[in-house]
$ cat work00.txt   # compact mmCIF, C-alpha atoms
# COMPACT_ATOMS: atom_id res chain seq x y z
CA MET F 9 8.71 -58.13 50.95
CA LYS F 10 6.97 -61.14 52.40
CA GLN F 11 7.88 -60.06 55.92
CA THR F 12 6.66 -56.51 55.34
CA ARG F 13 3.34 -57.93 54.19
CA ALA F 14 3.00 -60.00 57.35
CA VAL F 15 3.74 -56.93 59.44
CA GLU F 16 1.15 -54.90 57.59
CA MET F 17 -1.42 -57.66 57.99
CA GLY F 18 -0.66 -57.88 61.71
CA ALA F 19 -0.93 -54.13 62.18
CA GLY F 20 -4.14 -54.05 60.15
CA LEU F 21 -5.73 -56.85 62.14
CA PHE F 22 -4.76 -55.11 65.35
CA VAL F 23 -6.31 -51.79 64.29
CA LEU F 24 -9.49 -53.52 63.10
CA LEU F 25 -9.77 -55.42 66.36
CA GLY F 26 -9.23 -52.13 68.20
CA PHE F 27 -12.02 -50.45 66.25
CA GLY F 28 -14.21 -53.47 66.91
CA ALA F 29 -13.54 -53.20 70.64
CA LEU F 30 -14.34 -49.46 70.62
CA PHE F 31 -17.54 -50.16 68.74
CA PHE F 32 -18.46 -52.85 71.27
CA LEU F 33 -17.82 -50.48 74.18
CA ILE F 34 -19.90 -47.67 72.70
CA THR F 35 -22.86 -49.70 71.48
CA GLN F 36 -23.02 -52.72 73.78
CA THR F 37 -22.15 -51.34 77.22
CA THR F 38 -24.03 -48.05 77.04
CA GLY F 39 -27.71 -47.34 76.70
CA LEU F 40 -27.16 -46.10 73.16
CA SER F 41 -28.85 -49.12 71.58
CA ASN F 42 -32.20 -48.50 73.28
CA GLU F 43 -31.99 -44.74 72.99
CA ILE F 44 -35.09 -42.96 71.69
CA GLY F 45 -32.95 -40.34 69.97
CA ASN F 46 -34.52 -37.20 68.62
CA LYS F 47 -37.39 -38.87 66.83
CA GLY F 48 -40.52 -38.14 68.77
CA TYR F 49 -42.69 -35.38 70.11
CA ILE F 50 -42.15 -33.22 73.15
CA ILE F 51 -44.77 -32.83 75.86
CA SER F 52 -44.55 -31.09 79.22
CA ALA F 53 -45.99 -31.40 82.69
CA ARG F 54 -45.99 -29.23 85.81
CA PHE F 55 -45.14 -30.65 89.21
CA GLU F 56 -45.25 -29.16 92.71
CA ASN F 57 -42.07 -31.03 93.52
CA VAL F 58 -39.85 -33.06 91.19
CA GLY F 59 -37.83 -34.60 94.03
CA ASP F 60 -34.75 -36.35 92.70
CA LEU F 61 -35.83 -36.51 89.04
CA LYS F 62 -32.92 -36.06 86.62
CA VAL F 63 -32.69 -35.15 82.95
CA ARG F 64 -32.60 -38.36 80.81
CA ALA F 65 -34.75 -40.19 83.37
CA PRO F 66 -37.14 -42.63 81.66
CA VAL F 67 -40.81 -41.91 80.97
CA THR F 68 -42.85 -45.10 81.21
CA ILE F 69 -46.38 -46.26 80.63
CA SER F 70 -47.46 -49.60 82.12
CA GLY F 71 -43.79 -50.09 82.97
CA VAL F 72 -42.62 -49.80 79.36
CA THR F 73 -40.13 -47.02 78.63
CA ILE F 74 -41.59 -44.79 75.91
CA GLY F 75 -39.54 -41.63 76.35
CA ARG F 76 -37.05 -39.60 78.29
CA VAL F 77 -37.02 -36.43 80.37
CA THR F 78 -35.27 -33.72 78.33
CA GLY F 79 -35.47 -30.72 80.63
CA ILE F 80 -36.37 -29.70 84.17
CA SER F 81 -36.80 -26.03 85.06
CA TYR F 82 -38.49 -23.88 87.67
CA ASP F 83 -41.22 -21.51 86.53
CA PRO F 84 -41.08 -18.45 88.83
CA GLU F 85 -44.46 -17.14 87.67
CA ARG F 86 -46.51 -20.21 88.46
CA MET F 87 -44.11 -21.30 91.20
CA ASN F 88 -43.79 -24.92 90.18
CA ALA F 89 -41.43 -27.12 88.20
CA LEU F 90 -41.82 -27.54 84.45
CA VAL F 91 -40.66 -30.93 83.13
CA LYS F 92 -40.24 -31.47 79.40
CA MET F 93 -40.08 -34.96 77.98
CA ILE F 94 -39.71 -36.54 74.57
CA ILE F 95 -41.99 -39.44 73.67
CA ALA F 96 -41.01 -41.84 70.90
CA GLU F 97 -42.81 -41.49 67.57
CA GLN F 98 -44.60 -44.83 67.70
CA TYR F 99 -46.50 -43.97 70.93
CA LYS F 100 -48.75 -41.35 69.38
CA GLN F 101 -52.01 -42.45 70.89
CA LEU F 102 -51.75 -41.22 74.45
CA PRO F 103 -55.02 -39.73 75.74
CA ASP F 104 -54.60 -36.04 76.56
CA ASP F 105 -56.10 -36.51 80.03
CA SER F 106 -53.38 -38.98 81.03
CA GLU F 107 -51.84 -38.58 84.45
CA ALA F 108 -48.08 -38.19 85.10
CA ALA F 109 -46.54 -39.21 88.40
CA ILE F 110 -42.95 -39.13 89.62
CA LEU F 111 -42.14 -42.58 90.94
CA THR F 112 -39.10 -44.30 92.35
CA ALA F 113 -37.58 -47.45 90.85
CA GLY F 114 -36.79 -49.82 93.69
CA LEU F 115 -35.44 -48.82 97.08
CA ILE F 116 -32.23 -47.18 95.89
CA GLY F 117 -33.19 -46.73 92.26
CA GLY F 118 -33.52 -43.43 90.45
CA GLN F 119 -36.79 -41.59 89.89
CA TYR F 120 -38.81 -41.78 86.70
CA ILE F 121 -42.08 -40.52 85.30
CA GLY F 122 -44.94 -42.98 85.11
CA LEU F 123 -47.88 -42.14 82.85
CA THR F 124 -51.35 -43.53 83.49
CA PRO F 125 -53.62 -43.34 80.43
CA GLY F 126 -56.87 -41.45 80.78
CA GLY F 127 -60.13 -41.98 78.93
CA SER F 128 -60.07 -39.15 76.42
CA GLU F 129 -60.47 -39.73 72.69
CA THR F 130 -58.00 -36.97 71.74
CA TRP F 131 -54.29 -37.64 71.87
CA LEU F 132 -51.32 -35.76 73.27
CA GLU F 133 -49.25 -34.06 70.57
CA GLN F 134 -46.13 -31.94 70.13
CA GLY F 135 -46.15 -29.17 72.75
CA SER F 136 -49.21 -30.28 74.73
CA GLN F 137 -49.17 -30.27 78.49
CA ILE F 138 -50.31 -32.98 80.90
CA GLU F 139 -52.84 -31.48 83.33
CA PHE F 140 -52.99 -34.13 86.01
CA THR F 141 -49.73 -34.66 87.83
CA GLN F 142 -48.59 -36.22 91.05
CA SER F 143 -45.41 -34.91 92.69
CA ALA F 144 -42.50 -36.94 93.93
CA VAL F 145 -42.91 -38.32 97.41
CA VAL F 146 -40.47 -36.58 99.75
CA LEU F 147 -39.61 -38.85 102.64
CA GLU F 148 -39.51 -36.03 105.23
CA ASN F 149 -43.01 -34.86 104.32
CA LEU F 150 -44.28 -38.40 104.49
CA ILE F 151 -42.80 -38.91 107.97
CA GLY F 152 -44.18 -35.52 109.03
CA LYS F 153 -47.70 -36.48 107.91
CA PHE F 154 -47.42 -39.85 109.60
CA LEU F 155 -46.32 -38.26 112.89
CA SER F 156 -49.07 -35.61 112.85
CA SER F 157 -51.72 -38.24 112.09
CA MET F 158 -50.46 -40.31 115.04
CA GLY F 159 -50.73 -37.20 117.25
CA GLY F 160 -54.32 -36.62 116.01
CA GLY F 161 -55.26 -40.21 116.84
CA ASN F 162 -54.29 -39.76 120.48
CA MET S 3 24.46 -28.88 105.64
CA LYS S 4 25.60 -26.79 102.73
CA ASP S 5 26.45 -29.81 100.57
CA TRP S 6 23.03 -31.17 101.19
CA LEU S 7 21.35 -27.96 100.02
CA CYS S 8 23.64 -27.82 96.99
CA GLU S 9 22.62 -31.32 96.04
CA ILE S 10 18.94 -30.46 96.24
CA ARG S 11 19.58 -27.38 94.13
CA ASP S 12 21.44 -29.41 91.52
CA ALA S 13 18.75 -32.05 91.42
CA MET S 14 16.07 -29.41 90.90
CA LYS S 15 18.12 -27.76 88.20
CA ALA S 16 18.56 -31.09 86.45
CA PHE S 17 14.82 -31.75 86.71
CA VAL S 18 13.90 -28.38 85.20
CA ARG S 19 16.44 -28.95 82.43
CA THR S 20 15.00 -32.39 81.66
CA VAL S 21 11.47 -30.97 81.47
CA GLY S 22 12.67 -28.27 79.09
CA GLU S 23 14.58 -30.76 76.97
CA LEU S 24 11.59 -33.08 76.86
CA THR S 25 9.32 -30.22 75.77
CA LEU S 26 11.65 -29.19 72.95
CA PHE S 27 11.99 -32.84 71.92
CA PHE S 28 8.18 -33.14 71.83
CA ILE S 29 7.80 -29.95 69.77
CA ASN S 30 10.42 -31.27 67.35
CA ILE S 31 8.49 -34.54 66.99
CA VAL S 32 5.13 -32.81 66.49
CA MET S 33 6.59 -30.47 63.87
CA TYR S 34 7.84 -33.29 61.66
CA THR S 35 4.93 -35.67 62.29
CA PRO S 36 2.78 -34.66 59.26
CA ARG S 37 5.77 -35.04 56.94
CA THR S 38 6.59 -38.51 58.27
CA LEU S 39 2.96 -39.57 57.96
CA VAL S 40 2.86 -38.50 54.33
CA ARG S 41 6.30 -39.64 53.19
CA ARG S 42 6.99 -42.76 55.25
CA PRO S 43 3.65 -44.24 56.38
CA GLY S 44 5.18 -47.72 56.08
CA LEU S 45 7.55 -47.01 58.96
CA VAL S 46 4.61 -46.04 61.18
CA VAL S 47 2.63 -49.17 60.23
CA LYS S 48 5.62 -51.30 61.22
CA GLN S 49 5.75 -49.60 64.61
CA VAL S 50 2.01 -50.03 65.13
CA PHE S 51 2.73 -53.72 64.65
CA ASN S 52 5.66 -53.65 67.10
CA SER S 53 3.90 -51.66 69.81
CA GLY S 54 0.32 -52.79 69.22
CA THR S 55 0.08 -56.27 67.75
CA MET S 56 3.07 -57.52 69.75
CA SER S 57 1.44 -56.27 73.00
CA MET S 58 -1.75 -58.23 72.38
CA THR S 59 -0.73 -61.28 74.43
CA ILE S 60 -0.07 -59.31 77.61
CA ILE S 61 -3.15 -57.10 77.09
CA LEU S 62 -5.51 -60.03 76.47
CA THR S 63 -4.24 -62.11 79.39
CA CYS S 64 -4.08 -59.25 81.88
CA GLY S 65 -7.41 -57.85 80.71
CA LEU S 66 -9.17 -61.17 81.14
CA PHE S 67 -7.84 -61.69 84.65
CA VAL S 68 -8.38 -58.09 85.78
CA GLY S 69 -12.00 -58.48 84.65
CA MET S 70 -12.36 -61.80 86.45
CA VAL S 71 -10.95 -60.32 89.67
CA LEU S 72 -13.35 -57.37 89.33
CA GLY S 73 -16.21 -59.82 88.88
CA LEU S 74 -15.22 -61.72 92.02
CA GLN S 75 -14.44 -58.71 94.22
CA GLY S 76 -17.40 -56.71 92.91
CA PHE S 77 -19.76 -59.58 93.58
CA ASP S 78 -18.41 -60.07 97.10
CA THR S 79 -18.78 -56.38 97.95
CA LEU S 80 -22.11 -55.78 96.20
CA GLN S 81 -23.87 -58.80 97.67
CA ARG S 82 -23.34 -57.32 101.14
CA PHE S 83 -25.76 -54.61 100.04
CA GLY S 84 -27.96 -57.04 98.17
CA ALA S 85 -27.07 -55.24 94.96
CA GLU S 86 -25.19 -57.91 93.01
CA GLU S 87 -27.27 -57.06 89.92
CA ALA S 88 -25.22 -53.85 89.72
CA LEU S 89 -22.10 -55.93 88.98
CA GLY S 90 -22.20 -55.14 85.25
CA THR S 91 -22.39 -51.41 85.92
CA PHE S 92 -19.70 -51.59 88.56
CA ALA S 93 -17.24 -53.55 86.43
CA THR S 94 -17.86 -51.58 83.22
CA LEU S 95 -17.64 -48.15 84.83
CA SER S 96 -14.44 -49.02 86.73
CA LEU S 97 -12.93 -50.45 83.57
CA VAL S 98 -13.80 -47.91 80.90
CA LYS S 99 -13.18 -44.87 83.07
CA GLU S 100 -10.18 -45.90 85.12
CA LEU S 101 -8.64 -49.35 85.08
CA GLY S 102 -8.60 -49.81 81.31
CA PRO S 103 -6.62 -46.69 80.36
CA VAL S 104 -4.31 -46.74 83.41
CA LEU S 105 -3.44 -50.44 83.47
CA THR S 106 -2.99 -50.48 79.69
CA ALA S 107 -0.61 -47.52 79.97
CA LEU S 108 1.41 -49.31 82.67
CA LEU S 109 1.48 -52.58 80.72
CA PHE S 110 2.37 -50.63 77.59
CA ALA S 111 5.29 -49.01 79.40
CA GLY S 112 6.48 -52.44 80.51
CA ARG S 113 6.05 -54.18 77.16
CA ALA S 114 6.38 -51.63 74.35
CA GLY S 115 7.97 -48.66 76.16
CA THR S 116 10.99 -50.62 77.34
CA ALA S 117 11.42 -52.15 73.90
CA LEU S 118 11.42 -48.69 72.28
CA ALA S 119 13.81 -47.21 74.85
CA SER S 120 16.33 -50.06 74.69
CA GLU S 121 16.17 -50.23 70.88
CA ILE S 122 16.85 -46.52 70.42
CA GLY S 123 19.35 -46.54 73.32
CA LEU S 124 21.27 -49.37 71.69
CA MET S 125 21.28 -47.51 68.38
CA ARG S 126 22.78 -44.58 70.25
CA ALA S 127 25.34 -46.80 72.02
CA THR S 128 26.43 -48.47 68.79
CA ASP S 129 26.69 -45.10 67.01
CA GLN S 130 23.97 -45.96 64.51
CA LEU S 131 22.27 -42.64 65.19
CA ALA S 132 25.56 -40.78 64.63
CA ALA S 133 26.07 -42.70 61.37
CA MET S 134 22.63 -41.62 60.17
CA GLU S 135 23.44 -38.01 60.92
CA MET S 136 26.63 -38.44 58.88
CA MET S 137 24.48 -39.55 55.95
CA ALA S 138 22.27 -36.47 56.43
CA VAL S 139 19.40 -38.62 57.67
CA ASP S 140 17.70 -37.05 60.67
CA PRO S 141 17.39 -39.85 63.29
CA VAL S 142 14.46 -38.04 64.92
CA ARG S 143 12.49 -38.25 61.68
CA ARG S 144 13.68 -41.69 60.61
CA ILE S 145 13.77 -43.51 63.97
CA VAL S 146 12.03 -41.56 66.73
CA ILE S 147 8.85 -40.24 65.06
CA PRO S 148 7.62 -43.56 63.58
CA ARG S 149 8.09 -45.26 66.96
CA PHE S 150 6.34 -42.43 68.78
CA LEU S 151 3.41 -42.45 66.34
CA GLY S 152 3.16 -46.23 66.47
CA GLY S 153 2.72 -46.04 70.25
CA VAL S 154 0.23 -43.17 70.02
CA VAL S 155 -1.92 -45.11 67.55
CA ALA S 156 -1.66 -48.40 69.43
CA MET S 157 -2.59 -47.21 72.93
CA PRO S 158 -6.31 -46.31 72.52
CA PHE S 159 -6.91 -49.57 70.65
CA LEU S 160 -5.04 -51.58 73.27
CA ALA S 161 -7.13 -49.91 76.01
CA ALA S 162 -10.37 -50.65 74.14
CA ILE S 163 -9.39 -54.30 73.63
CA PHE S 164 -8.37 -54.53 77.30
CA ASN S 165 -11.78 -53.16 78.36
CA MET S 166 -13.71 -55.49 76.10
CA VAL S 167 -11.85 -58.58 77.29
CA ALA S 168 -12.11 -57.48 80.93
CA ILE S 169 -15.89 -56.94 80.70
CA PHE S 170 -16.08 -60.43 79.23
CA GLY S 171 -13.99 -61.70 82.19
CA ALA S 172 -16.29 -60.01 84.70
CA PHE S 173 -19.25 -61.54 82.86
CA ILE S 174 -17.77 -65.05 83.05
CA VAL S 175 -17.14 -64.84 86.78
CA GLY S 176 -20.23 -62.84 87.73
CA VAL S 177 -22.83 -64.59 85.60
CA THR S 178 -21.39 -68.05 85.01
CA PHE S 179 -19.68 -68.74 88.35
CA MET S 180 -21.50 -66.51 90.82
CA GLY S 181 -24.97 -66.69 89.35
CA VAL S 182 -25.76 -63.03 88.77
CA ASP S 183 -28.76 -62.78 86.45
CA GLU S 184 -27.53 -62.33 82.90
CA GLY S 185 -30.31 -59.95 81.88
CA ALA S 186 -29.76 -57.77 84.95
CA PHE S 187 -26.01 -57.71 84.32
CA TRP S 188 -26.45 -56.19 80.86
CA SER S 189 -29.60 -54.11 81.36
CA GLN S 190 -28.26 -52.35 84.48
CA MET S 191 -25.07 -51.67 82.54
CA HIS S 192 -27.04 -50.20 79.62
CA ALA S 193 -29.09 -48.05 81.95
CA ASN S 194 -26.16 -46.59 83.84
CA VAL S 195 -23.18 -46.40 81.50
CA ALA S 196 -23.26 -43.34 79.24
CA VAL S 197 -21.37 -42.78 76.01
CA ALA S 198 -19.64 -39.92 77.86
CA ASP S 199 -18.12 -42.47 80.27
CA VAL S 200 -16.63 -44.44 77.38
CA ALA S 201 -15.42 -41.20 75.77
CA GLN S 202 -13.73 -40.21 79.03
CA GLY S 203 -11.73 -43.44 78.95
CA VAL S 204 -10.80 -42.94 75.29
CA ILE S 205 -9.56 -39.38 75.99
CA LYS S 206 -7.47 -40.74 78.85
CA SER S 207 -5.94 -43.50 76.76
CA VAL S 208 -5.05 -41.07 73.96
CA VAL S 209 -3.26 -38.78 76.45
CA PHE S 210 -1.52 -41.73 78.10
CA GLY S 211 -0.49 -43.01 74.68
CA VAL S 212 1.23 -39.72 73.89
CA VAL S 213 2.89 -39.57 77.32
CA ALA S 214 4.08 -43.19 77.43
CA SER S 215 5.41 -43.15 73.85
CA LEU S 216 7.10 -39.78 74.29
CA LEU S 217 8.84 -40.80 77.52
CA ALA S 218 10.00 -44.10 76.00
CA VAL S 219 11.56 -42.59 72.87
CA TYR S 220 12.98 -39.69 74.89
CA GLN S 221 14.67 -41.97 77.42
CA GLY S 222 16.13 -44.08 74.64
CA TYR S 223 17.25 -41.10 72.56
CA THR S 224 18.98 -39.35 75.49
CA SER S 225 20.45 -42.49 77.09
CA VAL S 226 24.12 -42.62 78.01
CA PRO S 227 25.77 -44.64 75.19
CA THR S 228 26.97 -47.53 77.34
CA ALA S 229 25.52 -50.89 78.29
CA GLU S 230 24.73 -49.49 81.73
CA GLY S 231 23.23 -46.34 80.22
CA VAL S 232 20.83 -48.32 78.04
CA GLY S 233 19.77 -50.41 81.02
CA ARG S 234 19.16 -47.30 83.06
CA ALA S 235 17.16 -45.67 80.24
CA THR S 236 14.94 -48.76 80.12
CA THR S 237 14.33 -48.67 83.87
CA ARG S 238 13.69 -44.95 83.82
CA THR S 239 11.10 -45.41 81.06
CA VAL S 240 8.94 -47.58 83.29
CA VAL S 241 9.44 -45.43 86.39
CA THR S 242 8.80 -42.05 84.75
CA THR S 243 5.85 -43.37 82.74
CA ALA S 244 4.21 -44.90 85.81
CA ILE S 245 4.63 -41.72 87.86
CA THR S 246 3.52 -39.36 85.08
CA VAL S 247 0.55 -41.49 84.06
CA LEU S 248 -0.78 -41.81 87.60
CA ILE S 249 -0.37 -38.09 88.36
CA LEU S 250 -1.94 -37.13 85.02
CA ASP S 251 -4.73 -39.61 85.67
CA TYR S 252 -5.81 -37.73 88.77
CA MET S 253 -5.73 -34.40 86.95
CA LEU S 254 -7.62 -35.76 83.95
CA THR S 255 -10.23 -37.40 86.17
CA ALA S 256 -10.73 -34.15 88.09
CA ALA S 257 -11.00 -32.18 84.83
CA LEU S 258 -13.35 -34.64 83.12
CA ILE S 259 -15.62 -35.19 86.12
CA GLY S 260 -15.70 -31.60 87.33
$ encode --input "work00.txt" --output "structure tokens"
Amino acid sequence: MKQTRAVEMGAGLFVLLGFGALFFLITQTTGLSNEIGNKGYIISARFENVGDLKVRAPVTISGVTIGRVTGISYDPERMNALVKMIIAEQYKQLPDDSEAAILTAGLIGGQYIGLTPGGSETWLEQGSQIEFTQSAVVLENLIGKFLSSMGGGN
Amino acid sequence: MKDWLCEIRDAMKAFVRTVGELTLFFINIVMYTPRTLVRRPGLVVKQVFNSGTMSMTIILTCGLFVGMVLGLQGFDTLQRFGAEEALGTFATLSLVKELGPVLTALLFAGRAGTALASEIGLMRATDQLAAMEMMAVDPVRRIVIPRFLGGVVAMPFLAAIFNMVAIFGAFIVGVTFMGVDEGAFWSQMHANVAVADVAQGVIKSVVFGVVASLLAVYQGYTSVPTAEGVGRATTRTVVTTAITVLILDYMLTAALIG
């Protein structure tokens, strides 16, 4: 009986430790802990070119992550890209004339959306659209512009 | 020339037969699993102890050192690109998606699989299984299923513990010895590791747990009842598990990534 009890204790400890390890892997190694989740409001913005932007890319303001991109689609009627993003509940007071730009984090980092607050007294809310946007910088276009401006200078 | 062809034909026949036998054996196990779980849960708990708790030493030691090697090698490679901050991401992704499940399965085959195969093989060799049948006790239900289930339960937990210890090992080497920034180590990991990556590793370890446990009990149960036969069953457990796990790993990776 005593031996059986020791075995059961050992097996129990092992399973608990296993669950603990799984819990550690899911919560501590992934971005789950600083996830915005579904609590927030959804806004959208139209871009000429979204470049390398991916779904789940961060939305930041002054460098602080306040939301995530939830959907990227092409609108055939207006011939531009429609980006939907969710902004966390506590950042309600974003002026509705804020500007959204697609920026790149570091040299090899992924792309994200940076918001610059405007001066309006009315705030963005569920379903509103950001009017002022700045597309992703495509390297080829940049080089093309640089080359043509060099040609113009001569 | 003809003998040679005959031998190949016989070997292929034997292989197909083994696969068929293994499948039937597996179906037999699955059919009686619910009944064993309800009627004799104590037997399963004991086998979780034998396969899981008793494998902790090897899993903890190997996990720690695999993580430390990853920290060292990852740092050496990444710093050539000036990206040593990505060490946390690199180590965690390699571990949870690939190294954790696969290495745990191989270690499991070496530690718990061989123990299961030789134990059941020895029962066969000493006619204990035959004696049970004489007493109208089904050895598959009494002996094989609890051992199989014990292995199936133990494997995902062993893999998770292995991963946790290995990430800790990579952290020790990367941050403490090599001077990677601690904040960057964790924040890059949080930004780039998704729950889906962890889930992928868990799915793999569950599949490997079934495969490794099944092959171990099968090799023991079908071993030739001699000292040599038991030895050969033990060897074959490690060999067949290693081959099957690595082939399955490629297929699972392709399926889960694609």
$ closest_atom_pairs --input "work00.txt" --of "chain F" --to "chain S" --cutoff "7 Å" --atoms "only C-alpha atoms" --output "Markdown table"
| residue | atom | partner | partner_atom | distance |
| --- | --- | --- | --- | --- |
| F:Val15 | CA | S:Lys48 | CA | 6.2 |
| F:Glu16 | CA | S:Val47 | CA | 6.5 |
| F:Gly18 | CA | S:Phe51 | CA | 6.1 |
| F:Ala19 | CA | S:Phe51 | CA | 4.4 |
| F:Phe22 | CA | S:Thr55 | CA | 5.5 |
| F:Val23 | CA | S:Phe159 | CA | 6.8 |
| F:Gly26 | CA | S:Phe159 | CA | 4.2 |
| F:Phe27 | CA | S:Phe159 | CA | 6.8 |
| F:Ala29 | CA | S:Ile163 | CA | 5.2 |
| F:Leu30 | CA | S:Ala162 | CA | 5.4 |
| F:Leu33 | CA | S:Met166 | CA | 6.8 |
| F:Ile34 | CA | S:Val197 | CA | 6.1 |
| F:Thr37 | CA | S:His192 | CA | 5.6 |
| F:Thr38 | CA | S:His192 | CA | 4.5 |
| F:Gly39 | CA | S:His192 | CA | 4.1 |
$ closest_residue --input "work00.txt" --among "S:Gly69, S:Gly233, S:Pro148, S:Pro103" --to "Leu250 of chain S" --atoms "only C-alpha atoms"
S:Pro103
$ atom_distance --input "work00.txt" --atom1 "atom CA of Ala109 of chain F" --atom2 "atom CA of Tyr82 of chain F"
17.3 Å
$ residues_near_point --input "work00.txt" --point "(7.4, -56.6, 79.4)" --cutoff "12 Å" --atoms "only C-alpha atoms" --output "list in words"
Ser53, Met56, Ser57, Met58, Thr59, Ile60, Ile61, Leu108, Leu109, Phe110, Ala111, Gly112, Arg113, Ala114, Gly115, Thr116, Ala117, Leu118, Thr236, Thr237, Thr239 and Val240 of chain S
$ write_last_selection --input "work00.txt" --atoms "C-alpha atoms" --output "mmCIF file, keeping the file's coordinate frame"
data_model
loop_
_atom_site.group_PDB
_atom_site.id
_atom_site.type_symbol
_atom_site.label_atom_id
_atom_site.label_comp_id
_atom_site.auth_asym_id
_atom_site.auth_seq_id
_atom_site.Cartn_x
_atom_site.Cartn_y
_atom_site.Cartn_z
ATOM 1 C CA SER S 53 3.900 -51.660 69.810
ATOM 2 C CA MET S 56 3.070 -57.520 69.750
ATOM 3 C CA SER S 57 1.440 -56.270 73.000
ATOM 4 C CA MET S 58 -1.750 -58.230 72.380
ATOM 5 C CA THR S 59 -0.730 -61.280 74.430
ATOM 6 C CA ILE S 60 -0.070 -59.310 77.610
ATOM 7 C CA ILE S 61 -3.150 -57.100 77.090
ATOM 8 C CA LEU S 108 1.410 -49.310 82.670
ATOM 9 C CA LEU S 109 1.480 -52.580 80.720
ATOM 10 C CA PHE S 110 2.370 -50.630 77.590
ATOM 11 C CA ALA S 111 5.290 -49.010 79.400
ATOM 12 C CA GLY S 112 6.480 -52.440 80.510
ATOM 13 C CA ARG S 113 6.050 -54.180 77.160
ATOM 14 C CA ALA S 114 6.380 -51.630 74.350
ATOM 15 C CA GLY S 115 7.970 -48.660 76.160
ATOM 16 C CA THR S 116 10.990 -50.620 77.340
ATOM 17 C CA ALA S 117 11.420 -52.150 73.900
ATOM 18 C CA LEU S 118 11.420 -48.690 72.280
ATOM 19 C CA THR S 236 14.940 -48.760 80.120
ATOM 20 C CA THR S 237 14.330 -48.670 83.870
ATOM 21 C CA THR S 239 11.100 -45.410 81.060
ATOM 22 C CA VAL S 240 8.940 -47.580 83.290
#
$ residues_around --input "work00.txt" --residues "segment 90-102 of chain F" --least-positions-apart "5" --cutoff "7 Å" --atoms "only C-alpha atoms" --output "list in words"
Ile44, Lys47, Gly48, Tyr49, Ile50, Ile51, Ser52, Ala53, Arg54, Phe55, Ile74, Gly75, Arg76, Val77, Thr78, Gly79, Ile80, Ser81, Tyr82, Asp83, Pro125, Trp131 and Leu132 of chain F
